[in-house]
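Enquirer: Below you'll find the structure I mean.
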Amino acid sequence: MSIQDTISNISFFNTLTPDQKNQIASISNISKYNKDTILYYESESKKSMFFLVSGLIKIYKLDKFENEIFLYHIYKNSMISELSSITENDIYCFSNAEFIKDSEVLSINFKEFQDRFLSQNILATQLMEILLKKTHQLQGILNRELVFDATSKVAFMLNQDIEMFNKLKRQEVSFMLHIQPETLSRVLKKLSRNETIEINNGEVMITNKTALENIFKGVGI
């Protein structure tokens with residue numbers, strides 16, 4: 001697949017003309033990464049804006065004891081970079097980004113992108129929308145880590161990312177949510193008894209989305 005085709009498959013660029021997509025392609029490249037490799041570390045600075053073309057990325061931080069604090073996953077056709085400014089040329093990395101599947105990444109020279117597009121108010125609205133969604137996502141993460149109890153944490157993850165919940169082992173989910181596996185098991189059983197979820201052969205299905213959302217809505221939100 002050409003860079004132009006890749007750009008056309010990413011919804012962020014949908015409003016661009018064919019000529020504008022060619023301009024994006026001229027300041028971009030696509031790189032392949034193996035599972036378990038790192039795209040960037042916390043506190044690094046990058047001169048490129050990244051989009052995940054295919055694969056899966058885990059975003060996390062480390063505490064002072066080098067314990068991993070899971071933040072969120074990034075799926076294909078999504079922007080990876082965490083922008084704090086649209087005027088500075090460097091992009092500061094606030095967390096670590098690790099590939100958990102073999103992946104492909106589109107990287108765009110950020111200064112050229114600023115000069116050719118943002119300065120002309122092209123894609124500025126789309127970029128702002130992404131940044132606002134990332135801010136909302138961060139609010140959810142803060143609630144999960146600082147406010148939610150175990151039941152709210154599980155309900156929040158089921159609501160936000162049930163596909164990933166079902167792919168992971170229960171022990172991995174417990175680690176991500178910073179709760180004990182026994183606690184996770186008790187919460188799932190309680191949600192099942194309340195007919196909020198249904199569990200078939202280990203796979204969770206939401207049967208009452210409103211009830212699930214009510215568990216964490218209003219708790220720090």
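Convention: chains lettered A, B, ... in structure tokens order; per-chain residue numbering from 1; ligands numbered from 1 as shown.
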Which neighbours of range 19-32 of chain A fall inside 8 Å, counting only C-alpha atoms, when residues of the same chain fewer than 2 positions from it are skipped, and could you give them as a list in words?
Expert: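 Within the cut-off, the hits are Ile3, Gln4, Ile7, Ser8, Phe13, Leu16, Thr17, Asn34, Asp102, Ser103, Glu104, Val105, Leu106, Ser107, Ile108, Asn109, Glu112 and Phe113 of chain A.
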Enquirer: Got time to write the residues from that selection, C-alpha atoms, as a PDB file, in the first residue's frame?
Expert:
```pdb
ATOM      1  CA  ILE A   3       1.704   6.294   1.561  1.00  0.00           C
ATOM      2  CA  GLN A   4      -1.131   8.086  -0.236  1.00  0.00           C
ATOM      3  CA  ILE A   7      -3.228   8.504   4.425  1.00  0.00           C
ATOM      4  CA  SER A   8      -6.600   8.070   2.700  1.00  0.00           C
ATOM      5  CA  PHE A  13      -7.241  13.252   6.660  1.00  0.00           C
ATOM      6  CA  LEU A  16      -8.094  16.798   2.329  1.00  0.00           C
ATOM      7  CA  THR A  17      -8.027  17.030  -1.431  1.00  0.00           C
ATOM      8  CA  ASN A  34       7.969  -5.500  16.026  1.00  0.00           C
ATOM      9  CA  ASP A 102       3.638  -6.036  15.120  1.00  0.00           C
ATOM     10  CA  SER A 103       2.663  -2.592  13.836  1.00  0.00           C
ATOM     11  CA  GLU A 104       3.069   0.074  11.196  1.00  0.00           C
ATOM     12  CA  VAL A 105       3.359   3.773  11.973  1.00  0.00           C
ATOM     13  CA  LEU A 106       2.920   6.833   9.773  1.00  0.00           C
ATOM     14  CA  SER A 107       5.267   9.623  10.850  1.00  0.00           C
ATOM     15  CA  ILE A 108       4.798  13.188   9.594  1.00  0.00           C
ATOM     16  CA  ASN A 109       7.382  15.960   9.873  1.00  0.00           C
ATOM     17  CA  GLU A 112       6.362  20.943   7.731  1.00  0.00           C
ATOM     18  CA  PHE A 113       2.857  19.975   8.817  1.00  0.00           C
TER      19      PHE A 113
END
```
Enquirer: Tell me, which residues of range 146-204 of chain A carry DSSP strand (DSSP E), written as a VMD selection string?
Expert: chain A and resid 197 to 200 203 to 204
Enquirer: Enter the distance from CA of His136 in chain A to CA of Tyr72 in chain A, in Å, rounded to one decimal.
Expert: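 Between CA of His136 in chain A and CA of Tyr72 in chain A the gap is 12.4 Å.
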Enquirer: Can you work out which one of A:Glu195, A:Glu82, A:Glu44, A:Asp149 has the shortest atom-to-atom distance to Ile215 in chain A, counting only C-alpha atoms?
Expert: A:Asp149
Enquirer: Skip Phe148 in chain A itself and residues of its chain fewer than 4 positions away, then list as an MDAnalysis selection string all residues within 12 Å of it, counting only C-alpha atoms.
Expert: chainID A and resid 139:144 152:157 177:179 215:221
Enquirer: Go ahead and dump the residues you just picked, C-alpha atoms, as a PDB file, in the first residue's frame.
Expert:
```pdb
ATOM      1  CA  GLN A 139      -9.951  12.702  32.875  1.00  0.00           C
ATOM      2  CA  GLY A 140     -11.271   9.144  32.792  1.00  0.00           C
ATOM      3  CA  ILE A 141      -7.805   7.773  33.592  1.00  0.00           C
ATOM      4  CA  LEU A 142      -7.431  10.135  36.569  1.00  0.00           C
ATOM      5  CA  ASN A 143     -10.787   8.994  37.895  1.00  0.00           C
ATOM      6  CA  ARG A 144      -9.820   5.361  37.405  1.00  0.00           C
ATOM      7  CA  SER A 152     -16.154   1.353  39.187  1.00  0.00           C
ATOM      8  CA  LYS A 153     -12.765   0.522  37.682  1.00  0.00           C
ATOM      9  CA  VAL A 154     -14.049  -2.736  36.205  1.00  0.00           C
ATOM     10  CA  ALA A 155     -17.282  -1.166  34.974  1.00  0.00           C
ATOM     11  CA  PHE A 156     -15.355   1.702  33.378  1.00  0.00           C
ATOM     12  CA  MET A 157     -13.037  -0.639  31.485  1.00  0.00           C
ATOM     13  CA  LEU A 177      -6.542  -1.832  37.002  1.00  0.00           C
ATOM     14  CA  HIS A 178      -4.332  -2.214  40.088  1.00  0.00           C
ATOM     15  CA  ILE A 179      -6.703  -4.579  41.841  1.00  0.00           C
ATOM     16  CA  ILE A 215     -21.754   2.479  38.398  1.00  0.00           C
ATOM     17  CA  PHE A 216     -19.013   4.952  37.515  1.00  0.00           C
ATOM     18  CA  LYS A 217     -20.926   8.000  36.284  1.00  0.00           C
ATOM     19  CA  GLY A 218     -21.119  10.663  38.917  1.00  0.00           C
ATOM     20  CA  VAL A 219     -18.074   9.201  40.685  1.00  0.00           C
ATOM     21  CA  GLY A 220     -15.514  11.915  40.110  1.00  0.00           C
ATOM     22  CA  ILE A 221     -17.021  12.805  36.719  1.00  0.00           C
TER      23      ILE A 221
END
```
Enquirer: For Ser43 in chain A, list every protein, DNA or RNA residue within 12 Å, evaluated using only C-alpha atoms, and leave out those in the same chain fewer than 3 positions away; present the list as a list in words.
Expert: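 Once the adjacent positions are removed, what remains is Tyr40, Lys46, Lys61, Leu62, Glu82, Asp90, Ile91, Tyr92, Cys93, Phe94, Ser95, Asn96 and Ala97 of chain A.
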Enquirer: Please run DSSP on the backbone and report, as a ChimeraX atom specification, all residues within range 82-188 of chain A that come out as alpha helix (DSSP H).
Expert: /A:110-116,124-146,150-167,170-177,181-188
Enquirer: Can you pull out every residue within 10 Å of Leu158 in chain A, counting only C-alpha atoms, but drop anything in the same chain fewer than 6 positions away, and send it as a list in words?
Expert: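 Final neighbour list, sorted by chain and number: Ser152, Met164, Phe165, Asn166, Ile197, Val204, Met205, Ile206, Lys209, Leu212 and Glu213 of chain A.
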Enquirer: Taking C-alpha atoms for each residue, export the selection above as a short mmCIF file (atom, residue, chain, number, x, y, z; two decimals), in the first residue's frame.
Expert:
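Listing of out33.cif after writing:
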```cif
data_model
loop_
_atom_site.label_atom_id
_atom_site.label_comp_id
_atom_site.auth_asym_id
_atom_site.auth_seq_id
_atom_site.Cartn_x
_atom_site.Cartn_y
_atom_site.Cartn_z
CA SER A 152 -16.15 1.35 39.19
CA MET A 164 -9.57 -5.64 25.00
CA PHE A 165 -10.98 -6.85 28.32
CA ASN A 166 -12.01 -10.12 26.69
CA ILE A 197 -23.23 -8.38 32.32
CA VAL A 204 -18.04 -10.90 29.05
CA MET A 205 -21.04 -9.35 27.30
CA ILE A 206 -22.81 -6.20 28.50
CA LYS A 209 -25.26 -0.70 29.48
CA LEU A 212 -23.01 -0.38 33.89
CA GLU A 213 -22.48 3.32 33.19
#
```
Enquirer: Work out how far CA of Asn214 in chain A is from CA of Lys133 in chain A, in Å to one decimal.
Expert: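 Separation of CA of Lys133 in chain A and CA of Asn214 in chain A: 21.1 Å.
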Enquirer: What is the distance, in Å and to one decimal place, between CA of Met79 in chain A and CA of Lys35 in chain A?
Expert: 18.5 Å
Enquirer: For each of A:Val187, A:Leu56, A:Ile122, A:Leu168, take the minimum atom-to-atom distance to Asn14 in chain A, counting only C-alpha atoms, then give the residue where this is smallest.
Expert: A:Ile122
Enquirer: Which residue out of A:Val147, A:Leu123, A:Ile69, A:Glu98 has the minimum interatomic distance to Thr15 in chain A when only C-alpha atoms are used?
Expert: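 Between A:Val147, A:Leu123, A:Ile69, A:Glu98, the residue approaching Thr15 in chain A most closely is A:Leu123.
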